[in-house]
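Step one of this worksheet: look at the structure below.
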Amino acid sequence: MQADVVVVGKGNAALCAALAARDTGASVIMLEAAPVDESGGNSRFAGGVMRFAYDSVHDLEKVAEIPAEEIDSVDWESNTQDQFYDDLYNVTGFRTDPSLSELLITQSLDAMIWLRGQGARFLPNYRHQSAVVNGKRKFFGRMPMIMHGGGPGLVQSLTDTAEKKGVRIFYETRAAALVYEGDRVQGVRARSKGKTVEFRAKSVVLACGGFEANPEWRTRYLGPGWELAKVRGSRFNMGDGLKMALDIGACPYGNWSGRHAVSWERYAPEFGDLSLPESSYRHSYPMSLMINTEGKRFVDEGAEFYNYTYAKYGAEVLKQPGQAAWQVFDAKVKPLLRPEYGDKAVTRVTASTLEELAAKMEGLANPTAFLKTVKEFNAAVRTDVPFNHSVKDGRSTVGIEPPKSNWAHPLDTPPYEAYAITCGITFTFGGLRTVPETGQVVDVNMLPIEGLYTAGEMLGGLFYFNYAAGTGLVSGTVFGRIAGRGAGAAA
Ligand SMILES: Cc1cc2nc3c(=O)[nH]c(=O)nc-3n(C[C@H](O)[C@H](O)[C@H](O)COP(=O)(O)OP(=O)(O)OC[C@H]3O[C@@H](n4cnc5c(N)ncnc54)[C@H](O)[C@@H]3O)c2cc1C
């Protein structure tokens, strides 16, 4: 098997790389470990929200058709390049690589326009990222756009375009090693439907995800206990691409003990389930009290919009006894919960008193402590500050630890509801070091490895500690396009 460029993986980053390489005139083969019906990686599990820089609704019109009456009647917010820098630098503790983050931010809008040109469709994300305030619909969280059909829609449209453009896709073909001869990467050795096959190429793009689905690597790099996390997405991302690259001397880079992990349905399956796309999400916790099995709170639920805390709070849940906790709500905030809280595959208990609720919360070892936590919390709420869930309203608690900084409501209006959660891991942050402008992987001496490129979750150096929602897919597009162009030009 031979092509100018072999792309390993078939998620968003790989598809963008394949399309960009194809547009340079290179012939392209893609290798996908999964069978067709499970293909597409974490990108296929994604909700499809996209964080990119835009100054006003007029930039949004470059990616989507927005009806004329909505242009003025909606407050579209902005995500200027400066705001995007602030968010990325804040969530990563100022550790994000300056060159990578600059490319991500400055190319993000252009990459979305390119994505649209490749057949992907964008829609306003009215469902999750907006609210009606004083009669006007207003976006919050700086990511008003979502892919039509979510992650599955994005993967399907890019797959259709790739096939139309003559990219050959091999399913059930798991890359195992790089062919590294004469000081350059010349292809990939893979197991394809039980047989070993060599795919020869002038350049290889590795875009085959992190190691989030591999419990042994999670324990090794993220630490003890991480083997117990549920996997939110694909079961195929086992760290193969990272291993293949490290085996030939590629330079590791970034936050290898870091990961994106969230509050997740406690009894969710081991891996993501494409037939229940959002059932296990528990992103409405800023309206809740998060309570562990000892009856205590353990995070500031209202520190920020969920977009800026959800990816780090999964680790806090994992640290709790039994890797479990509860999100507790009262009737006042019930209308603000995301729709999936009403799904069938949800572990929920309901009661008309807090005592009754405590008795129903499975594993709650100390109901008395829970009741005391709620009493102290209720007394600490600054009820003099008006509640407004569409802004950081500053309605906080006073004198308790941890505080709740926004959206604090006394838990006092029945019926009460508690949702059982655990930690769901999304993806890992550790990756490879590249020449940012070309996506070429560098070796441990910081010299470019001829013929080797990477993008997506495998790219190290962008995310540290935490993450701003909607950045993963945009990173995959920006750096997938860069790596595909680099690989195509070198072929
Ligand atoms: C539930 C969930 C919701 C999310 N929601 C969003 C969102 O709304 N917005 C956002 O920006 N991000 C979201 N993300 C994160 C986003 O999905 C990822 O950041 C992004 O998809 C990563 O893209 P990728 O192409 O690098 O990896 P993936 O999409 O995971 O693709 C990796 C590919 O490599 C293949 N593969 C693995 N090993 C091999 C091998 N050895 N040989 C061949 N193929 C291999 C896999 O099968 C897969 O096709 C979400 C993730 C999850 C799990």
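By convention here, the chains of the structure tokens are called A, B, ... in the order presented, each chain's residues are numbered starting at 1, and ligands are numbered starting at 1 in the order presented.
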
Would you give me, as a Markdown table, each residue of chain A having an atom within 6 Å of an atom of ligand 1, along with its shortest atom pair and that distance in Å to one decimal, using only C-alpha atoms and all ligand atoms and sorting by chain and residue number?
```
| residue | atom | partner | partner_atom_place_in_ligand_line | distance |
| --- | --- | --- | --- | --- |
| A:Val8 | CA | ligand 1 | 43 (C) | 5.0 |
| A:Gly9 | CA | ligand 1 | 34 (O) | 3.3 |
| A:Lys10 | CA | ligand 1 | 49 (O) | 3.7 |
| A:Gly11 | CA | ligand 1 | 29 (O) | 3.5 |
| A:Asn12 | CA | ligand 1 | 25 (O) | 4.2 |
| A:Ala13 | CA | ligand 1 | 25 (O) | 3.7 |
| A:Ala14 | CA | ligand 1 | 25 (O) | 5.4 |
| A:Leu31 | CA | ligand 1 | 43 (C) | 5.0 |
| A:Glu32 | CA | ligand 1 | 44 (N) | 3.9 |
| A:Ala33 | CA | ligand 1 | 44 (N) | 3.9 |
| A:Ala34 | CA | ligand 1 | 47 (O) | 4.9 |
| A:Ser39 | CA | ligand 1 | 49 (O) | 5.4 |
| A:Gly40 | CA | ligand 1 | 49 (O) | 4.2 |
| A:Gly41 | CA | ligand 1 | 48 (C) | 3.4 |
| A:Asn42 | CA | ligand 1 | 30 (O) | 3.6 |
| A:Ser43 | CA | ligand 1 | 21 (O) | 3.2 |
| A:Phe45 | CA | ligand 1 | 1 (C) | 4.8 |
| A:Ala46 | CA | ligand 1 | 4 (C) | 3.3 |
| A:Gly47 | CA | ligand 1 | 8 (O) | 3.7 |
| A:Gly48 | CA | ligand 1 | 8 (O) | 3.7 |
| A:Val49 | CA | ligand 1 | 8 (O) | 3.9 |
| A:Met50 | CA | ligand 1 | 11 (O) | 5.3 |
| A:Thr173 | CA | ligand 1 | 43 (C) | 5.9 |
| A:Arg174 | CA | ligand 1 | 42 (N) | 3.6 |
| A:Ala175 | CA | ligand 1 | 42 (N) | 3.8 |
| A:Ala176 | CA | ligand 1 | 41 (N) | 5.8 |
| A:Ala207 | CA | ligand 1 | 26 (O) | 5.6 |
| A:Cys208 | CA | ligand 1 | 34 (O) | 3.1 |
| A:Gly209 | CA | ligand 1 | 32 (C) | 4.2 |
| A:Arg232 | CA | ligand 1 | 53 (C) | 4.6 |
| A:Gly233 | CA | ligand 1 | 53 (C) | 3.8 |
| A:Phe236 | CA | ligand 1 | 47 (O) | 4.8 |
| A:Asn237 | CA | ligand 1 | 37 (C) | 4.3 |
| A:Asp240 | CA | ligand 1 | 41 (N) | 4.8 |
| A:Gly241 | CA | ligand 1 | 41 (N) | 6.0 |
| A:Thr426 | CA | ligand 1 | 53 (C) | 4.6 |
| A:Gly456 | CA | ligand 1 | 26 (O) | 3.3 |
| A:Glu457 | CA | ligand 1 | 26 (O) | 3.9 |
| A:Gly470 | CA | ligand 1 | 11 (O) | 3.4 |
| A:Thr471 | CA | ligand 1 | 11 (O) | 4.4 |
| A:Gly472 | CA | ligand 1 | 19 (O) | 3.5 |
| A:Leu473 | CA | ligand 1 | 11 (O) | 3.7 |
| A:Val474 | CA | ligand 1 | 11 (O) | 5.8 |
| A:Gly476 | CA | ligand 1 | 23 (O) | 5.6 |
```

Got a sec: who's within 7 Å of range 438-453 of chain A, counting only C-alpha atoms, leaving out chain neighbours fewer than 5 positions off, as a compact mmCIF listing (two decimals) with all heavy atoms, in the first residue's frame?
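The result, written out as out-v1.txt:
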```txt
# COMPACT_ATOMS: atom_id res chain seq x y z
N ARG A 184 14.35 9.01 7.99
CA ARG A 184 13.05 9.65 7.78
C ARG A 184 11.93 8.63 7.92
O ARG A 184 12.13 7.43 7.72
CB ARG A 184 12.98 10.43 6.46
CG ARG A 184 13.01 9.63 5.19
CD ARG A 184 12.66 10.53 3.99
NE ARG A 184 11.27 10.99 4.04
CZ ARG A 184 10.87 12.21 3.75
NH1 ARG A 184 11.73 13.15 3.40
NH2 ARG A 184 9.58 12.53 3.79
N VAL A 185 10.79 9.15 8.29
CA VAL A 185 9.62 8.28 8.42
C VAL A 185 9.11 7.99 7.01
O VAL A 185 8.88 8.91 6.22
CB VAL A 185 8.54 8.95 9.30
CG1 VAL A 185 7.24 8.17 9.25
CG2 VAL A 185 9.04 9.05 10.74
N GLN A 186 8.94 6.70 6.71
CA GLN A 186 8.58 6.32 5.34
C GLN A 186 7.26 5.54 5.30
O GLN A 186 6.93 4.96 4.28
CB GLN A 186 9.67 5.42 4.75
CG GLN A 186 11.05 5.97 4.97
CD GLN A 186 11.83 6.09 3.66
OE1 GLN A 186 11.25 6.09 2.60
NE2 GLN A 186 13.13 6.18 3.76
N LYS A 202 5.41 9.22 1.82
CA LYS A 202 6.51 10.20 1.94
C LYS A 202 6.39 10.97 3.27
O LYS A 202 7.37 11.43 3.81
CB LYS A 202 6.47 11.16 0.75
CG LYS A 202 6.80 10.42 -0.55
CD LYS A 202 6.65 11.33 -1.75
CE LYS A 202 6.76 10.52 -3.04
NZ LYS A 202 5.91 11.03 -4.10
N SER A 203 5.15 11.11 3.76
CA SER A 203 4.95 11.72 5.08
C SER A 203 3.81 11.01 5.80
O SER A 203 2.88 10.51 5.16
CB SER A 203 4.54 13.20 5.01
OG SER A 203 5.08 13.86 3.94
N VAL A 204 3.91 11.03 7.12
CA VAL A 204 2.88 10.42 7.97
C VAL A 204 2.36 11.48 8.94
O VAL A 204 3.15 12.22 9.54
CB VAL A 204 3.46 9.24 8.77
CG1 VAL A 204 2.48 8.74 9.82
CG2 VAL A 204 3.87 8.10 7.83
N VAL A 205 1.03 11.58 9.05
CA VAL A 205 0.43 12.45 10.08
C VAL A 205 -0.18 11.53 11.14
O VAL A 205 -1.07 10.73 10.84
CB VAL A 205 -0.68 13.36 9.51
CG1 VAL A 205 -1.25 14.25 10.62
CG2 VAL A 205 -0.17 14.20 8.35
N LEU A 206 0.29 11.67 12.37
CA LEU A 206 -0.31 10.92 13.48
C LEU A 206 -1.38 11.81 14.11
O LEU A 206 -1.07 12.88 14.65
CB LEU A 206 0.74 10.57 14.53
CG LEU A 206 1.83 9.57 14.11
CD1 LEU A 206 2.90 9.45 15.20
CD2 LEU A 206 1.23 8.20 13.80
N GLY A 249 12.14 8.27 19.03
CA GLY A 249 12.89 9.39 19.59
C GLY A 249 12.19 10.73 19.52
O GLY A 249 12.82 11.78 19.69
N ALA A 250 10.86 10.73 19.31
CA ALA A 250 10.12 12.01 19.31
C ALA A 250 10.13 12.62 20.71
O ALA A 250 10.23 11.91 21.71
CB ALA A 250 8.68 11.78 18.85
N CYS A 251 10.01 13.93 20.75
CA CYS A 251 10.11 14.65 22.02
C CYS A 251 8.73 14.79 22.67
O CYS A 251 7.83 15.40 22.09
CB CYS A 251 10.69 16.03 21.75
SG CYS A 251 11.07 16.92 23.25
N LEU A 432 3.13 15.45 21.88
CA LEU A 432 4.43 15.55 21.23
C LEU A 432 4.76 17.01 20.97
O LEU A 432 3.87 17.85 20.82
CB LEU A 432 4.40 14.80 19.89
CG LEU A 432 4.00 13.32 19.97
CD1 LEU A 432 3.92 12.73 18.56
CD2 LEU A 432 4.99 12.52 20.82
N ARG A 433 6.06 17.28 20.88
CA ARG A 433 6.51 18.63 20.53
C ARG A 433 6.63 18.75 19.01
O ARG A 433 7.09 17.80 18.35
CB ARG A 433 7.85 18.92 21.19
CG ARG A 433 8.25 20.39 21.15
CD ARG A 433 9.67 20.57 21.60
NE ARG A 433 9.86 20.49 23.03
CZ ARG A 433 9.77 21.54 23.86
NH1 ARG A 433 9.47 22.73 23.40
NH2 ARG A 433 9.99 21.37 25.15
N PHE A 479 -4.74 22.80 13.81
CA PHE A 479 -3.45 22.09 13.71
C PHE A 479 -3.52 20.88 12.78
O PHE A 479 -2.49 20.47 12.23
CB PHE A 479 -2.94 21.72 15.12
CG PHE A 479 -2.59 22.94 15.92
CD1 PHE A 479 -3.41 23.38 16.95
CD2 PHE A 479 -1.47 23.70 15.60
CE1 PHE A 479 -3.12 24.53 17.67
CE2 PHE A 479 -1.17 24.86 16.31
CZ PHE A 479 -1.99 25.27 17.35
N ILE A 482 -2.82 22.54 9.52
CA ILE A 482 -1.39 22.88 9.43
C ILE A 482 -0.57 21.61 9.13
O ILE A 482 0.29 21.60 8.24
CB ILE A 482 -0.91 23.55 10.75
CG1 ILE A 482 -1.47 24.96 10.85
CG2 ILE A 482 0.61 23.54 10.85
CD1 ILE A 482 -1.16 25.68 12.17
N ALA A 483 -0.85 20.53 9.88
CA ALA A 483 -0.07 19.30 9.70
C ALA A 483 -0.31 18.70 8.32
O ALA A 483 0.63 18.21 7.66
CB ALA A 483 -0.44 18.29 10.79
N GLY A 486 1.56 20.74 5.85
CA GLY A 486 3.00 20.46 5.99
C GLY A 486 3.36 19.12 5.37
O GLY A 486 4.32 19.01 4.60
N ALA A 487 2.55 18.11 5.68
CA ALA A 487 2.83 16.75 5.18
C ALA A 487 2.66 16.70 3.66
O ALA A 487 3.46 16.07 2.96
CB ALA A 487 1.89 15.75 5.85
```

Applying 6 Å and only C-alpha atoms, which residues near range 366-370 of chain A remain after dropping the ones on its own chain fewer than 2 positions away? List them as a PyMOL selection string. chain A and resi 294-295+358+364+372-373

Output as a PyMOL selection string all residues of range 41-134 of chain A that backbone DSSP marks as strand (DSSP E or B). chain A and resi 49-50+54+74-75+79+122-124+130-133

Let me make sure I understand: among A:Arg191, A:Arg200, A:Lys312, A:Lys230, which one has the smallest atom-to-atom distance to Glu212 in chain A if we use only C-alpha atoms? A:Lys230

Tell me, in Å to one decimal, how far CA of Gly302 in chain A is from CA of Ala408 in chain A. 7.3 Å

Per-residue nearest contacts range 15-95 of chain A to range 136-143 of chain A, cut-off 10 Å, using only C-alpha atoms, as CSV:
```
residue,atom,partner,partner_atom,distance
A:Val49,CA,A:Met143,CA,6.9
A:Met50,CA,A:Met143,CA,6.0
A:Arg51,CA,A:Met143,CA,4.9
A:Phe52,CA,A:Met143,CA,7.1
A:Ala53,CA,A:Arg142,CA,8.8
A:Tyr54,CA,A:Arg142,CA,9.1
A:Glu70,CA,A:Arg137,CA,9.4
A:Ser73,CA,A:Lys136,CA,6.8
A:Val74,CA,A:Arg137,CA,5.1
A:Asp75,CA,A:Lys138,CA,4.6
A:Trp76,CA,A:Phe139,CA,5.6
A:Glu77,CA,A:Phe139,CA,6.0
A:Ser78,CA,A:Arg142,CA,6.2
A:Asn79,CA,A:Arg142,CA,5.4
A:Thr80,CA,A:Arg142,CA,9.1
A:Gln83,CA,A:Arg142,CA,8.8
A:Phe84,CA,A:Arg142,CA,8.6
A:Asp87,CA,A:Arg142,CA,9.8
```

Tell me, in Å to one decimal, how far CA of Arg127 in chain A is from CA of Asp412 in chain A. 27.7 Å

Would you list the contacts of Arg382 in chain A as a PyMOL selection string, taking every protein, DNA or RNA residue within 10 Å and counting only C-alpha atoms, but skipping same-chain residues closer than 5 positions in sequence? chain A and resi 387+394-398+406-410

Residues as selected, N, CA, C and O atoms, written as a PDB file, in the first residue's frame, can you do that?
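As written to disk, again33.pdb reads:
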```
ATOM      1  N   PHE A 387     -30.213  37.124  41.828  1.00  0.00           N
ATOM      2  CA  PHE A 387     -29.757  35.943  41.088  1.00  0.00           C
ATOM      3  C   PHE A 387     -29.926  36.191  39.593  1.00  0.00           C
ATOM      4  O   PHE A 387     -30.959  36.675  39.143  1.00  0.00           O
ATOM      5  N   GLY A 394     -22.317  37.251  41.090  1.00  0.00           N
ATOM      6  CA  GLY A 394     -21.721  37.645  42.366  1.00  0.00           C
ATOM      7  C   GLY A 394     -22.582  37.300  43.566  1.00  0.00           C
ATOM      8  O   GLY A 394     -22.300  37.723  44.692  1.00  0.00           O
ATOM      9  N   ARG A 395     -23.623  36.529  43.333  1.00  0.00           N
ATOM     10  CA  ARG A 395     -24.460  36.104  44.465  1.00  0.00           C
ATOM     11  C   ARG A 395     -23.744  34.918  45.114  1.00  0.00           C
ATOM     12  O   ARG A 395     -23.877  33.761  44.700  1.00  0.00           O
ATOM     13  N   SER A 396     -22.981  35.246  46.141  1.00  0.00           N
ATOM     14  CA  SER A 396     -22.025  34.279  46.692  1.00  0.00           C
ATOM     15  C   SER A 396     -22.420  33.878  48.111  1.00  0.00           C
ATOM     16  O   SER A 396     -23.414  34.352  48.651  1.00  0.00           O
ATOM     17  N   THR A 397     -21.592  33.023  48.679  1.00  0.00           N
ATOM     18  CA  THR A 397     -21.720  32.719  50.104  1.00  0.00           C
ATOM     19  C   THR A 397     -20.672  33.523  50.866  1.00  0.00           C
ATOM     20  O   THR A 397     -19.692  33.977  50.281  1.00  0.00           O
ATOM     21  N   VAL A 398     -20.895  33.653  52.158  1.00  0.00           N
ATOM     22  CA  VAL A 398     -19.927  34.347  52.999  1.00  0.00           C
ATOM     23  C   VAL A 398     -19.581  33.439  54.175  1.00  0.00           C
ATOM     24  O   VAL A 398     -20.474  32.889  54.824  1.00  0.00           O
ATOM     25  N   ASN A 406     -20.794  32.378  42.743  1.00  0.00           N
ATOM     26  CA  ASN A 406     -21.908  32.921  41.953  1.00  0.00           C
ATOM     27  C   ASN A 406     -23.080  31.951  42.050  1.00  0.00           C
ATOM     28  O   ASN A 406     -22.896  30.776  42.363  1.00  0.00           O
ATOM     29  N   TRP A 407     -24.251  32.472  41.721  1.00  0.00           N
ATOM     30  CA  TRP A 407     -25.468  31.666  41.577  1.00  0.00           C
ATOM     31  C   TRP A 407     -25.819  30.867  42.855  1.00  0.00           C
ATOM     32  O   TRP A 407     -26.390  29.779  42.771  1.00  0.00           O
ATOM     33  N   ALA A 408     -25.452  31.396  44.020  1.00  0.00           N
ATOM     34  CA  ALA A 408     -25.788  30.692  45.269  1.00  0.00           C
ATOM     35  C   ALA A 408     -27.260  30.937  45.599  1.00  0.00           C
ATOM     36  O   ALA A 408     -27.726  32.068  45.608  1.00  0.00           O
ATOM     37  N   HIS A 409     -27.985  29.849  45.823  1.00  0.00           N
ATOM     38  CA  HIS A 409     -29.393  29.888  46.203  1.00  0.00           C
ATOM     39  C   HIS A 409     -29.520  29.046  47.461  1.00  0.00           C
ATOM     40  O   HIS A 409     -28.965  27.949  47.490  1.00  0.00           O
ATOM     41  N   PRO A 410     -30.256  29.470  48.476  1.00  0.00           N
ATOM     42  CA  PRO A 410     -30.499  28.538  49.579  1.00  0.00           C
ATOM     43  C   PRO A 410     -31.235  27.302  49.044  1.00  0.00           C
ATOM     44  O   PRO A 410     -32.115  27.430  48.178  1.00  0.00           O
TER      45      PRO A 410
END
```

Rounded to one decimal in Å, what is the spacing between CA of Pro252 in chain A and CA of Met458 in chain A?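 A separation of 9.8 Å between them.
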
Please list as a list of chain:residue names every residue within 8 Å of Tyr416 in chain A, counting only C-alpha atoms and excluding residues in the same chain fewer than 4 positions away. A:Val328, A:Phe329, A:Asp330, A:Ala331, A:Thr350, A:Ala351, A:Ser352, A:Thr353, A:Leu354, A:Leu357

Need to verify the contact set: Ala213 in chain A, 8 Å, only C-alpha atoms, exclusion of same-chain residues closer than 4 positions in sequence. Can you return it as a PyMOL selection string? chain A and resi 231+234-238+271

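Compared by their closest atoms to Gly314 in chain A, and using only C-alpha atoms, the residues A:Ser192, A:Thr293, A:Asn466, A:Ser279 rank with A:Asn466 nearest.
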